[in-house]
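What follows is the content of start.cif, which has mmCIF, C-alpha atoms and all ligand atoms:
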data_work
loop_
_atom_site.label_atom_id
_atom_site.label_comp_id
_atom_site.auth_asym_id
_atom_site.auth_seq_id
_atom_site.Cartn_x
_atom_site.Cartn_y
_atom_site.Cartn_z
CA MET F 84 -4.04 149.82 66.82
CA GLU F 85 -4.55 152.69 64.37
CA LYS F 86 -8.02 154.15 63.96
CA SER F 87 -7.45 154.40 60.20
CA GLU F 88 -7.00 150.61 59.95
CA VAL F 89 -10.37 150.05 61.69
CA VAL F 90 -12.04 152.55 59.35
CA LYS F 91 -10.52 150.80 56.33
CA LYS F 92 -11.77 147.41 57.50
CA ALA F 93 -15.31 148.71 58.14
CA LEU F 94 -15.52 150.18 54.63
CA GLU F 95 -14.05 147.01 53.12
CA LEU F 96 -16.86 145.03 54.78
CA GLY F 97 -19.49 147.21 53.15
CA PHE F 98 -20.34 149.58 56.00
CA GLU F 99 -20.84 153.01 54.52
CA ASP F 100 -19.48 155.12 57.36
CA ILE F 101 -17.97 154.84 60.83
CA GLY F 102 -17.46 157.11 63.81
CA PHE F 103 -15.91 156.91 67.28
CA THR F 104 -17.07 158.26 70.61
CA THR F 105 -16.37 158.03 74.33
CA MET F 106 -17.90 155.86 77.07
CA GLU F 107 -19.53 158.82 78.83
CA PRO F 108 -23.05 158.05 80.14
CA PHE F 109 -25.95 159.56 78.16
CA GLU F 110 -27.11 162.03 80.82
CA SER F 111 -29.38 164.08 78.55
CA GLN F 112 -31.27 160.95 77.54
CA LYS F 113 -31.68 160.00 81.19
CA GLU F 114 -33.41 163.31 81.88
CA ILE F 115 -35.77 162.69 78.95
CA LEU F 116 -36.61 159.16 80.10
CA ASP F 117 -37.07 160.33 83.71
CA SER F 118 -39.47 163.07 82.68
CA ARG F 119 -41.48 160.84 80.33
CA LYS F 120 -41.76 157.58 82.26
CA GLU F 121 -45.37 156.97 81.25
CA GLU F 122 -44.64 157.29 77.54
CA TYR F 123 -41.79 154.78 77.71
CA ALA F 124 -43.34 152.27 80.17
CA TRP F 125 -44.14 149.96 77.22
CA ALA F 126 -40.40 149.55 76.49
CA LEU F 127 -39.73 148.30 80.01
CA LYS F 128 -42.71 145.96 79.70
CA ALA F 129 -41.24 144.64 76.43
CA GLY F 130 -37.99 143.88 78.29
CA ILE F 131 -35.91 146.71 76.77
CA ALA F 132 -33.62 147.90 79.58
CA LEU F 133 -33.39 151.53 78.42
CA ILE F 134 -32.11 152.95 81.72
CA LYS F 135 -29.33 150.37 81.99
CA GLY F 136 -28.22 151.23 78.45
CA LEU F 137 -27.64 154.87 79.39
CA ASP F 138 -24.31 153.97 80.96
CA PRO F 139 -22.20 151.95 78.48
CA LYS F 140 -20.11 150.65 81.41
CA ASN F 141 -23.15 148.58 82.42
CA ILE F 142 -22.65 146.65 79.19
CA LEU F 143 -18.87 146.33 79.06
CA HIS F 144 -17.24 147.22 82.36
CA ASP F 145 -13.78 147.57 80.79
CA GLY F 146 -15.11 149.48 77.78
CA LYS F 147 -13.01 152.44 76.64
CA SER F 148 -14.63 153.64 73.39
CA ILE F 149 -17.75 153.18 71.26
CA ILE F 150 -17.43 152.52 67.54
CA VAL F 151 -20.52 153.34 65.45
CA LEU F 152 -20.88 151.53 62.12
CA ILE F 153 -23.37 152.88 59.61
CA ASP F 154 -25.35 150.66 57.28
CA VAL F 155 -27.60 152.06 54.53
CA TYR F 156 -30.74 149.90 54.48
CA PHE F 157 -32.24 151.58 51.43
CA LYS F 158 -29.32 151.21 49.00
CA GLU F 159 -31.57 149.38 46.56
CA GLY F 160 -35.23 150.05 45.88
CA PHE F 161 -38.22 148.08 47.19
CA PRO F 162 -41.25 146.75 45.28
CA SER F 163 -44.18 149.16 45.24
CA GLY F 164 -46.39 146.39 46.66
CA LEU F 165 -44.45 146.63 49.93
CA GLU F 166 -43.74 150.35 50.23
CA GLY F 167 -46.48 152.12 52.16
CA TYR F 168 -47.33 148.84 53.93
CA PHE F 169 -44.08 147.99 55.74
CA GLY F 170 -41.42 150.34 57.07
CA ARG F 171 -38.37 150.19 54.78
CA ALA F 172 -36.06 149.52 57.72
CA TYR F 173 -37.71 146.10 58.17
CA LEU F 174 -37.89 144.95 54.58
CA ASP F 175 -34.35 143.60 54.41
CA ASP F 176 -33.71 143.06 58.12
CA ASP F 177 -31.80 139.77 58.23
CA ARG F 178 -30.81 139.68 61.89
CA MET F 179 -32.88 136.54 62.53
CA THR F 180 -31.90 134.76 59.32
CA LYS F 181 -28.24 135.67 59.98
CA GLY F 182 -27.92 137.14 56.51
CA GLN F 183 -25.49 139.59 54.97
CA LEU F 184 -25.56 142.34 57.63
CA TYR F 185 -25.16 139.81 60.44
CA GLN F 186 -22.21 138.22 58.61
CA ARG F 187 -20.51 141.57 57.97
CA LEU F 188 -20.88 142.58 61.60
CA LYS F 189 -19.55 139.21 62.72
CA ALA F 190 -16.54 139.62 60.41
CA PHE F 191 -15.85 143.10 61.79
CA ARG F 192 -16.00 141.87 65.40
CA SER F 193 -13.72 138.93 64.54
CA TYR F 194 -11.27 141.40 63.04
CA LEU F 195 -11.29 143.40 66.29
CA ARG F 196 -10.89 140.20 68.31
CA ASP F 197 -7.92 139.12 66.16
CA ASN F 198 -6.36 142.44 67.12
CA GLY F 199 -6.96 141.84 70.83
CA ILE F 200 -10.10 144.02 71.11
CA ASP F 201 -13.21 142.74 72.86
CA SER F 202 -16.58 144.18 71.75
CA ARG F 203 -20.27 144.18 72.66
CA ALA F 204 -23.15 145.04 70.34
CA PRO F 205 -25.83 146.36 72.75
CA PHE F 206 -29.45 146.84 71.64
CA ASN F 207 -30.38 149.15 74.50
CA ILE F 208 -28.00 152.11 74.30
CA PRO F 209 -29.47 155.11 72.46
CA HIS F 210 -28.25 154.24 68.94
CA ARG F 211 -29.02 157.55 67.20
CA LEU F 212 -27.63 159.68 70.02
CA THR F 213 -24.45 157.58 70.11
CA ALA F 214 -24.08 158.03 66.36
CA ALA F 215 -24.52 161.81 66.60
CA ARG F 216 -21.95 161.89 69.41
CA ALA F 217 -19.61 159.96 67.10
CA GLY F 218 -20.10 162.68 64.47
CA VAL F 219 -21.75 160.56 61.78
CA GLY F 220 -25.10 162.35 61.69
CA THR F 221 -27.42 165.05 62.96
CA PHE F 222 -31.03 164.84 64.05
CA GLY F 223 -34.16 165.71 62.16
CA LYS F 224 -37.11 167.21 64.01
CA ASN F 225 -38.78 163.85 63.34
CA ASN F 226 -36.13 162.30 65.68
CA PHE F 227 -34.45 160.33 62.90
CA LEU F 228 -30.70 160.44 62.37
CA TYR F 229 -29.53 161.98 59.09
CA SER F 230 -26.11 161.12 57.75
CA ASN F 231 -23.43 163.80 57.58
CA ARG F 232 -21.56 162.21 54.71
CA ILE F 233 -23.28 159.35 52.90
CA ALA F 234 -26.61 158.32 51.28
CA ARG F 235 -27.07 161.91 50.11
CA LYS F 236 -27.30 162.92 53.77
CA SER F 237 -30.60 161.07 54.19
CA SER F 238 -32.12 159.21 57.13
CA TRP F 239 -32.24 155.74 55.53
CA ILE F 240 -29.39 154.56 57.72
CA SER F 241 -28.95 152.21 60.67
CA PRO F 242 -26.32 153.07 63.28
CA ILE F 243 -24.76 149.99 64.89
CA PRO F 244 -22.84 150.85 68.08
CA LEU F 245 -20.09 148.55 69.34
CA ILE F 246 -18.61 149.06 72.78
CA VAL F 247 -14.90 148.13 72.74
CA ASP F 248 -12.20 147.73 75.40
CA TYR F 249 -9.67 149.80 73.43
CA GLU F 250 -9.37 153.56 73.47
CA PHE F 251 -9.76 155.31 70.13
CA GLU F 252 -9.64 159.05 69.73
CA PRO F 253 -13.27 160.27 69.65
CA ASP F 254 -14.63 162.12 66.62
CA GLU F 255 -16.16 165.58 66.84
CA PRO F 256 -19.80 165.21 68.05
CA THR F 257 -22.62 166.59 65.89
CA ILE F 258 -25.48 166.40 68.38
CA GLU F 259 -27.69 169.02 66.78
CA ILE F 260 -30.78 169.48 64.63
CA GLY F 261 -29.65 169.64 61.00
CA CYS F 262 -32.96 170.74 59.45
CA PRO F 263 -33.06 173.72 57.07
CA LYS F 264 -34.73 176.80 58.55
CA TRP F 265 -37.11 177.06 55.60
CA CYS F 266 -38.75 173.68 56.31
CA LYS F 267 -42.04 174.42 58.05
CA ASN F 268 -41.93 171.26 60.15
CA THR F 269 -43.41 169.15 57.36
CA CYS F 270 -42.84 165.95 59.32
CA ILE F 271 -44.88 167.18 62.29
CA ALA F 272 -47.72 168.39 60.08
CA SER F 273 -47.72 165.08 58.19
CA CYS F 274 -47.71 162.66 61.12
CA PRO F 275 -51.16 161.07 60.73
CA THR F 276 -51.71 160.20 64.39
CA GLY F 277 -50.20 163.29 66.03
CA ALA F 278 -47.41 161.19 67.55
CA LEU F 279 -44.99 163.97 66.59
CA SER F 280 -46.43 166.97 68.39
CA ALA F 281 -43.48 169.39 68.36
CA PRO F 282 -39.88 169.35 67.12
CA ASN F 283 -38.20 166.20 68.50
CA LYS F 284 -41.15 165.43 70.74
CA ILE F 285 -42.71 162.08 70.01
CA ASP F 286 -45.22 160.07 72.00
CA PRO F 287 -44.19 156.54 71.00
CA ARG F 288 -47.59 155.20 72.10
CA LYS F 289 -49.25 157.18 69.31
CA CYS F 290 -46.71 156.30 66.63
CA ILE F 291 -48.01 153.94 63.94
CA SER F 292 -44.84 151.87 64.19
CA TYR F 293 -45.48 151.20 67.87
CA LEU F 294 -49.22 150.72 67.34
CA SER F 295 -48.67 148.24 64.52
CA TYR F 296 -46.64 145.84 66.61
CA TYR F 297 -47.38 146.47 70.28
CA GLN F 298 -50.91 147.78 70.64
CA GLU F 299 -53.24 145.72 72.81
CA GLY F 300 -56.83 145.18 71.72
CA ILE F 301 -58.57 146.25 68.56
CA THR F 302 -57.22 149.50 67.06
CA PRO F 303 -59.42 152.39 68.27
CA LEU F 304 -61.93 153.55 65.67
CA GLU F 305 -60.62 157.11 65.59
CA ILE F 306 -57.16 156.15 64.30
CA ARG F 307 -57.98 153.34 61.86
CA GLU F 308 -58.12 155.62 58.85
CA GLN F 309 -55.02 157.56 59.93
CA MET F 310 -53.03 154.33 60.15
CA SER F 311 -53.78 153.94 56.46
CA THR F 312 -52.21 150.88 54.80
CA TRP F 313 -49.28 150.53 57.22
CA VAL F 314 -49.13 146.95 58.49
CA TYR F 315 -45.75 147.01 60.25
CA GLY F 316 -43.92 150.27 60.84
CA CYS F 317 -44.42 153.67 59.18
CA ASP F 318 -42.15 155.85 57.00
CA ARG F 319 -44.41 158.85 56.58
CA CYS F 320 -42.35 161.43 58.50
CA GLN F 321 -39.24 160.40 56.56
CA GLU F 322 -40.94 160.30 53.16
CA VAL F 323 -42.25 163.86 53.38
CA CYS F 324 -38.92 165.26 54.58
CA PRO F 325 -37.03 167.50 52.15
CA ARG F 326 -33.74 166.21 53.56
CA ASN F 327 -34.64 162.82 52.09
CA ARG F 328 -35.73 164.11 48.69
CA PRO F 329 -32.26 163.79 47.06
CA TRP F 330 -32.15 160.08 47.90
CA LEU F 331 -35.80 159.45 46.98
CA SER F 332 -35.34 161.21 43.64
CA GLN F 333 -33.15 158.38 42.35
CA ASP F 334 -34.20 155.45 40.24
CA LEU F 335 -32.72 152.64 42.31
CA PRO F 336 -32.37 149.03 41.13
CA LEU F 337 -34.72 146.70 43.04
CA ASN F 338 -33.46 144.73 46.02
CA LYS F 339 -33.68 141.12 44.79
CA ARG F 340 -33.81 139.61 48.28
CA VAL F 341 -36.91 141.67 49.05
CA VAL F 342 -38.50 141.02 45.64
CA ALA F 343 -38.18 137.28 46.37
CA LYS F 344 -40.28 137.54 49.52
CA GLU F 345 -42.81 140.12 48.28
CA LYS F 346 -45.53 137.54 47.55
CA ASP F 347 -45.33 136.16 51.11
CA PHE F 348 -46.24 139.59 52.46
CA ALA F 349 -49.34 140.14 50.31
CA LEU F 350 -52.26 141.35 52.45
CA ILE F 351 -54.39 138.37 51.40
CA LYS F 352 -51.71 135.91 52.55
CA LEU F 353 -51.34 137.74 55.86
CA LEU F 354 -55.08 137.76 56.53
CA HIS F 355 -55.42 134.03 55.93
CA MET F 356 -52.10 132.81 57.35
CA ASP F 357 -51.86 130.11 60.00
CA LYS F 358 -49.30 129.91 62.79
CA LYS F 359 -46.92 127.78 60.73
CA TYR F 360 -46.95 130.24 57.83
CA TYR F 361 -46.27 133.08 60.26
CA GLN F 362 -43.38 131.24 61.89
CA THR F 363 -41.73 130.16 58.65
CA ARG F 364 -42.38 133.01 56.19
CA ILE F 365 -42.97 136.16 58.19
CA TRP F 366 -41.48 136.06 61.68
CA SER F 367 -37.91 135.49 60.49
CA HIS F 368 -38.04 138.89 58.74
CA MET F 369 -40.32 140.92 61.01
CA PHE F 370 -40.08 139.56 64.52
CA TYR F 371 -41.30 142.18 66.99
CA MET F 372 -44.52 140.25 67.56
CA SER F 373 -44.46 136.85 69.21
CA TYR F 374 -45.58 133.56 67.67
CA ASN F 375 -48.92 133.98 69.43
CA GLU F 376 -49.72 137.36 67.94
CA THR F 377 -50.92 136.43 64.48
CA TRP F 378 -54.19 138.11 65.49
CA ARG F 379 -52.47 141.53 65.36
CA TRP F 380 -50.98 140.84 61.94
CA LYS F 381 -54.40 139.79 60.64
CA MET F 382 -56.10 142.80 62.23
CA ASN F 383 -53.53 145.11 60.62
CA ALA F 384 -53.91 143.40 57.25
CA ALA F 385 -57.73 143.78 57.41
CA ARG F 386 -57.41 147.47 58.33
CA ALA F 387 -54.94 148.02 55.47
CA MET F 388 -57.32 146.27 53.04
CA GLY F 389 -60.12 148.56 54.16
CA ASN F 390 -57.97 151.62 53.68
CA THR F 391 -57.10 150.66 50.09
CA LEU F 392 -60.86 151.03 49.32
CA ASP F 393 -60.27 148.24 46.79
CA PRO F 394 -63.36 146.00 46.27
CA LYS F 395 -61.10 143.09 45.28
CA TYR F 396 -60.56 142.51 49.00
CA ILE F 397 -64.29 142.05 49.81
CA PRO F 398 -64.41 138.26 49.14
CA GLU F 399 -61.18 137.82 51.13
CA LEU F 400 -62.57 139.79 54.07
CA ILE F 401 -65.77 137.70 54.00
CA ARG F 402 -63.69 134.52 54.01
CA GLY F 403 -61.53 135.93 56.80
CA PHE F 404 -64.62 136.66 58.92
CA LYS F 405 -65.84 133.08 58.54
CA GLU F 406 -62.48 131.46 59.26
CA ASN F 407 -61.33 133.57 62.22
CA GLN F 408 -62.51 133.27 65.81
CA ASP F 409 -60.62 136.23 67.31
CA GLU F 410 -63.03 139.12 67.90
CA ARG F 411 -60.29 141.72 67.28
CA VAL F 412 -59.69 140.30 63.81
CA LYS F 413 -63.40 139.88 63.08
CA GLY F 414 -64.17 143.38 64.35
CA MET F 415 -61.55 144.91 62.04
CA ILE F 416 -62.78 142.84 59.09
CA VAL F 417 -66.23 144.27 59.68
CA TRP F 418 -64.81 147.79 59.77
CA ALA F 419 -62.87 147.16 56.54
CA LEU F 420 -66.00 145.89 54.77
CA GLY F 421 -67.85 149.01 55.89
CA ARG F 422 -65.00 151.23 54.73
CA ILE F 423 -64.85 149.70 51.24
CA GLY F 424 -68.65 149.67 51.04
CA GLY F 425 -70.92 148.48 48.23
CA LYS F 426 -73.82 146.02 47.99
CA VAL F 427 -71.80 142.83 48.50
CA ALA F 428 -70.14 144.17 51.65
CA LYS F 429 -73.48 145.36 53.05
CA SER F 430 -75.24 142.08 52.48
CA ALA F 431 -72.31 140.16 54.04
CA LEU F 432 -72.50 142.33 57.15
CA GLU F 433 -76.27 141.81 57.41
CA GLY F 434 -75.68 138.08 57.11
CA PHE F 435 -73.06 138.11 59.89
CA LYS F 436 -75.18 140.10 62.34
CA PRO F 437 -77.63 137.52 63.77
CA LYS F 438 -74.88 135.17 64.96
CA SER F 439 -72.54 137.87 66.26
CA LYS F 440 -72.24 139.30 69.73
CA ASP F 441 -70.36 141.83 71.89
CA LEU F 442 -67.54 143.71 70.12
CA VAL F 443 -68.21 142.13 66.72
CA LYS F 444 -71.91 142.93 66.85
CA GLU F 445 -71.18 146.52 67.85
CA GLU F 446 -68.74 146.86 64.94
CA ILE F 447 -71.37 145.47 62.53
CA GLU F 448 -73.97 147.92 63.77
CA MET F 449 -71.53 150.83 63.37
CA ALA F 450 -70.49 149.65 59.92
CA LEU F 451 -74.06 149.23 58.68
CA LYS F 452 -74.88 152.82 59.68
CA LYS F 453 -72.43 153.96 57.00
CA PHE F 454 -74.44 152.45 54.15
S1 LIG L 1 -43.37 156.99 62.00
FE1 LIG L 1 -45.41 157.64 61.26
S2 LIG L 1 -46.73 157.74 63.08
FE2 LIG L 1 -44.59 157.61 63.79
S3 LIG L 1 -43.99 159.72 64.12
FE3 LIG L 1 -43.42 159.23 62.00
S4 LIG L 1 -45.21 159.80 60.75
FE4 LIG L 1 -45.86 159.74 62.87
S1 LIG L 2 -39.55 167.49 57.48
FE1 LIG L 2 -38.45 169.41 57.84
S2 LIG L 2 -38.47 169.65 60.08
FE2 LIG L 2 -38.99 167.52 59.65
S3 LIG L 2 -37.06 166.41 59.76
FE3 LIG L 2 -37.37 166.98 57.61
S4 LIG L 2 -36.34 168.96 57.36
FE4 LIG L 2 -36.57 168.60 59.54
#

Represent the structure of the file as structure tokens.
Amino acid sequence: MEKSEVVKKALELGFEDIGFTTMEPFESQKEILDSRKEEYAWALKAGIALIKGLDPKNILHDGKSIIVLIDVYFKEGFPSGLEGYFGRAYLDDDRMTKGQLYQRLKAFRSYLRDNGIDSRAPFNIPHRLTAARAGVGTFGKNNFLYSNRIARKSSWISPIPLIVDYEFEPDEPTIEIGCPKWCKNTCIASCPTGALSAPNKIDPRKCISYLSYYQEGITPLEIREQMSTWVYGCDRCQEVCPRNRPWLSQDLPLNKRVVAKEKDFALIKLLHMDKKYYQTRIWSHMFYMSYNETWRWKMNAARAMGNTLDPKYIPELIRGFKENQDERVKGMIVWALGRIGGKVAKSALEGFKPKSKDLVKEEIEMALKKF
């Protein structure tokens, strides 16, 4: 089968770019994972078999090449009520609802199958490194992959690797940092939690994305303000990057699919949602947290409300305190009331104090000191 036919089919199906690479194991990534076991222990705990994914043969024994499809997830714009609260990569993620991207990928794999080629779509091989090895992008010092050819060479792209049992000629790898020399590491300076501490060095445990969906317990006091209004994910180190400015400078038409679900993701709805609402309206779009983790969503929504400093959220936070039993949610509501401040918030906190205990009581005492 000709490589050019596969490229043509991928573009026909709406993928923006495509590259090809070999089945060689990802040795450099293995060294990184070996030297930073503690920082990546959470991934193993979450069931992501990172080490296994470093040798593509573990996924498809007869594999001969890796095809990397590129999807641009920010082709259309997103409502301002969602940007700054949810990472853009998640806003139109339709893997669970089996929407357009799922259907296009399915059609591409069927096309390969019709031509006698078996494929696997692994989640645990290093996607960005595979893409750079397939020559479709270079790295930023923020660790994101930047396209070589499309989306104005920005990072708003998702690489989708497919391991296939057919040998295609590999493309020229571009495993390098593509940042301009004049950029003074803006991404590192702008990372609010210090997760990015040096070029290409990230501690995932400090990254807001990780913290927003995996952190255990109430968010530590010292990073609540830094986490700002992010509820799920964080785009800060991509937004400040000059390599993304050309794409961000456009006036894009709004993504209608995302506009349709905007109201479901309002902070007030998230703070007051029940399990059924979470399962039916939220989880199908943002699914990294289990059905039993509505507490984390509510805690994040309360923190985001606090960080807007908008008094319109005070009655909602008071209602949330009365209706929730989870001390992590109540504790964060208290913090948010203290952060927004004002007479109504203060009197609510004083009213909550006599019946509160442990963590919630401590949070109330800390919050009241601010008034
Ligand atoms: S996503 Fe946010 S928290 Fe994570 S490294 Fe980038 S700026 Fe820092
Ligand atoms: S902000 Fe600067 S250093 Fe960071 S990824 Fe962008 S160009 Fe590279």

Hey, which residues sit close to ligand LIG 1 (chain L)? Say within 7 Å, counting only C-alpha atoms and all ligand atoms, and write them as a compact mmCIF listing (two decimals) with C-alpha atoms, keeping the file's coordinate frame.
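Now in result-v9.txt:
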# COMPACT_ATOMS: atom_id res chain seq x y z
CA ASN F 225 -38.78 163.85 63.34
CA CYS F 270 -42.84 165.95 59.32
CA SER F 273 -47.72 165.08 58.19
CA CYS F 274 -47.71 162.66 61.12
CA PRO F 275 -51.16 161.07 60.73
CA THR F 276 -51.71 160.20 64.39
CA GLY F 277 -50.20 163.29 66.03
CA ALA F 278 -47.41 161.19 67.55
CA LEU F 279 -44.99 163.97 66.59
CA ILE F 285 -42.71 162.08 70.01
CA LYS F 289 -49.25 157.18 69.31
CA CYS F 290 -46.71 156.30 66.63
CA ILE F 291 -48.01 153.94 63.94
CA SER F 292 -44.84 151.87 64.19
CA GLY F 316 -43.92 150.27 60.84
CA CYS F 317 -44.42 153.67 59.18
CA ASP F 318 -42.15 155.85 57.00
CA ARG F 319 -44.41 158.85 56.58
CA CYS F 320 -42.35 161.43 58.50
CA GLN F 321 -39.24 160.40 56.56

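For the residues F:Ala204, F:Ala384, F:Met179, F:Val247, ranking by smallest atom-to-atom distance to Met369 in chain F using all atoms listed in the file places F:Met179 first.
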
With distances taken over only C-alpha atoms, which of F:Lys359, F:Lys405, F:Lys158, F:Arg192 is nearest to Asp334 in chain F? F:Lys158

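What separates CA of Ile243 in chain F from CA of Val342 in chain F is a distance of 25.3 Å.
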
Counting all atoms listed in the file, the option among F:Leu451, F:Leu94, F:Val323, F:Ile150 closest to ligand LIG 2 (chain L):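 The shortest atom-to-atom distance to ligand LIG 2 (chain L) comes from F:Val323.
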
Can you tell me which residues surround Arg187 in chain F at a distance of at most 6 Å, considering only C-alpha atoms, apart from same-chain residues fewer than 3 positions away, and format the answer as an mmCIF file with C-alpha atoms, keeping the file's coordinate frame?
data_model
loop_
_atom_site.group_PDB
_atom_site.id
_atom_site.type_symbol
_atom_site.label_atom_id
_atom_site.label_comp_id
_atom_site.auth_asym_id
_atom_site.auth_seq_id
_atom_site.Cartn_x
_atom_site.Cartn_y
_atom_site.Cartn_z
ATOM 1 C CA LEU F 96 -16.860 145.030 54.780
ATOM 2 C CA LEU F 184 -25.560 142.340 57.630
ATOM 3 C CA ALA F 190 -16.540 139.620 60.410
#

Here CA of Gly97 in chain F and CA of Tyr194 in chain F stand apart by 14.1 Å

Within 8 Å of (-49.0, 149.2, 64.7), in the coordinates the file gives, what residues turn up when you count all atoms listed in the file, written out as an MDAnalysis selection string? chainID F and resid 290:298 310 313:316 383

Please identify the residues whose atoms come within 12 Å of ligand LIG 2 (chain L), using all atoms listed in the file, and report them as JSON, numbers by chain. {"F": [221, 222, 223, 224, 225, 226, 227, 228, 229, 236, 237, 238, 259, 260, 261, 262, 263, 264, 265, 266, 267, 268, 269, 270, 271, 272, 273, 274, 279, 280, 281, 282, 283, 284, 318, 319, 320, 321, 322, 323, 324, 325, 326, 327, 328]}

Could you tell me how far CA of Ile101 in chain F sits from CA of Gly218 in chain F, in Å to one decimal place?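 Going from CA of Gly218 in chain F over to CA of Ile101 in chain F covers 8.9 Å.
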
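Between Asn207 in chain F and the candidates F:Tyr360, F:Phe404, F:Phe109, F:Phe370, the tightest atom-to-atom separation, counting all atoms listed in the file, involves F:Phe109.
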
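Minimum atom-to-atom distance to Thr213 in chain F, evaluated using all atoms listed in the file, belongs to F:Thr257 out of F:Asn375, F:Gln183, F:Thr257, F:Ser332.
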
Using all atoms listed in the file: which of F:Gly424, F:Pro242, F:Pro139, F:Gly182 has the shortest distance to Val155 in chain F: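 Nearest to Val155 in chain F: F:Pro242.
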
Contacts of range 301-308 of chain F within 10 Å, all atoms listed in the file, excl. fewer than 2 positions in-chain, as a ChimeraX atom specification: /F:275-276,289,291,294-295,298-299,310-312,378-379,382-383,386-387,389-390,410-415,418-419,422,442,446

Can you tell me, as a VMD selection string, what residues are no more than 12 Å from Pro398 in chain F when counting all atoms listed in the file, ignoring any on the same chain fewer than 2 positions away? chain F and resid 351 354 385 388 393 to 396 400 to 405 416 419 to 420 423 427 to 428 430 to 431

Working from the structure I just supplied, which lacks atoms in range 308-321 of chain F, can you model N, CA, C and O atoms there and output them as a PDB file, keeping the file's coordinate frame?
ATOM      1  N   GLU F 308     -58.375 155.010  60.164  1.00  0.00           N
ATOM      2  CA  GLU F 308     -58.120 155.620  58.850  1.00  0.00           C
ATOM      3  C   GLU F 308     -56.737 156.246  58.802  1.00  0.00           C
ATOM      4  O   GLU F 308     -56.021 156.117  57.812  1.00  0.00           O
ATOM      5  N   GLN F 309     -56.339 156.913  59.896  1.00  0.00           N
ATOM      6  CA  GLN F 309     -55.020 157.560  59.930  1.00  0.00           C
ATOM      7  C   GLN F 309     -53.890 156.544  59.743  1.00  0.00           C
ATOM      8  O   GLN F 309     -52.844 156.863  59.202  1.00  0.00           O
ATOM      9  N   MET F 310     -54.100 155.333  60.252  1.00  0.00           N
ATOM     10  CA  MET F 310     -53.030 154.330  60.150  1.00  0.00           C
ATOM     11  C   MET F 310     -52.888 153.804  58.715  1.00  0.00           C
ATOM     12  O   MET F 310     -51.937 153.087  58.400  1.00  0.00           O
ATOM     13  N   SER F 311     -53.858 154.179  57.903  1.00  0.00           N
ATOM     14  CA  SER F 311     -53.780 153.940  56.460  1.00  0.00           C
ATOM     15  C   SER F 311     -53.446 152.477  56.134  1.00  0.00           C
ATOM     16  O   SER F 311     -54.012 151.573  56.733  1.00  0.00           O
ATOM     17  N   THR F 312     -52.511 152.259  55.209  1.00  0.00           N
ATOM     18  CA  THR F 312     -52.210 150.880  54.800  1.00  0.00           C
ATOM     19  C   THR F 312     -50.985 150.313  55.532  1.00  0.00           C
ATOM     20  O   THR F 312     -50.512 149.227  55.201  1.00  0.00           O
ATOM     21  N   TRP F 313     -50.467 151.041  56.510  1.00  0.00           N
ATOM     22  CA  TRP F 313     -49.280 150.530  57.220  1.00  0.00           C
ATOM     23  C   TRP F 313     -49.633 149.277  58.011  1.00  0.00           C
ATOM     24  O   TRP F 313     -50.551 149.290  58.816  1.00  0.00           O
ATOM     25  N   VAL F 314     -48.903 148.218  57.785  1.00  0.00           N
ATOM     26  CA  VAL F 314     -49.130 146.950  58.490  1.00  0.00           C
ATOM     27  C   VAL F 314     -48.082 146.756  59.590  1.00  0.00           C
ATOM     28  O   VAL F 314     -48.359 146.230  60.658  1.00  0.00           O
ATOM     29  N   TYR F 315     -46.866 147.221  59.308  1.00  0.00           N
ATOM     30  CA  TYR F 315     -45.750 147.010  60.250  1.00  0.00           C
ATOM     31  C   TYR F 315     -44.780 148.171  60.036  1.00  0.00           C
ATOM     32  O   TYR F 315     -44.093 148.244  59.025  1.00  0.00           O
ATOM     33  N   GLY F 316     -44.780 149.107  60.976  1.00  0.00           N
ATOM     34  CA  GLY F 316     -43.920 150.270  60.840  1.00  0.00           C
ATOM     35  C   GLY F 316     -44.604 151.383  60.065  1.00  0.00           C
ATOM     36  O   GLY F 316     -45.762 151.245  59.647  1.00  0.00           O
ATOM     37  N   CYS F 317     -43.895 152.500  59.906  1.00  0.00           N
ATOM     38  CA  CYS F 317     -44.420 153.670  59.180  1.00  0.00           C
ATOM     39  C   CYS F 317     -43.241 154.530  58.756  1.00  0.00           C
ATOM     40  O   CYS F 317     -42.320 154.750  59.537  1.00  0.00           O
ATOM     41  N   ASP F 318     -43.255 155.002  57.507  1.00  0.00           N
ATOM     42  CA  ASP F 318     -42.150 155.850  57.000  1.00  0.00           C
ATOM     43  C   ASP F 318     -42.592 157.263  56.692  1.00  0.00           C
ATOM     44  O   ASP F 318     -41.844 158.030  56.100  1.00  0.00           O
ATOM     45  N   ARG F 319     -43.813 157.595  57.053  1.00  0.00           N
ATOM     46  CA  ARG F 319     -44.410 158.850  56.580  1.00  0.00           C
ATOM     47  C   ARG F 319     -43.545 160.086  56.890  1.00  0.00           C
ATOM     48  O   ARG F 319     -43.300 160.905  56.019  1.00  0.00           O
ATOM     49  N   CYS F 320     -43.071 160.205  58.150  1.00  0.00           N
ATOM     50  CA  CYS F 320     -42.350 161.430  58.500  1.00  0.00           C
ATOM     51  C   CYS F 320     -40.965 161.489  57.853  1.00  0.00           C
ATOM     52  O   CYS F 320     -40.319 162.526  57.847  1.00  0.00           O
ATOM     53  N   GLN F 321     -40.499 160.375  57.308  1.00  0.00           N
ATOM     54  CA  GLN F 321     -39.240 160.400  56.560  1.00  0.00           C
ATOM     55  C   GLN F 321     -39.522 160.671  55.078  1.00  0.00           C
ATOM     56  O   GLN F 321     -38.740 161.328  54.397  1.00  0.00           O
TER      57      GLN F 321
END
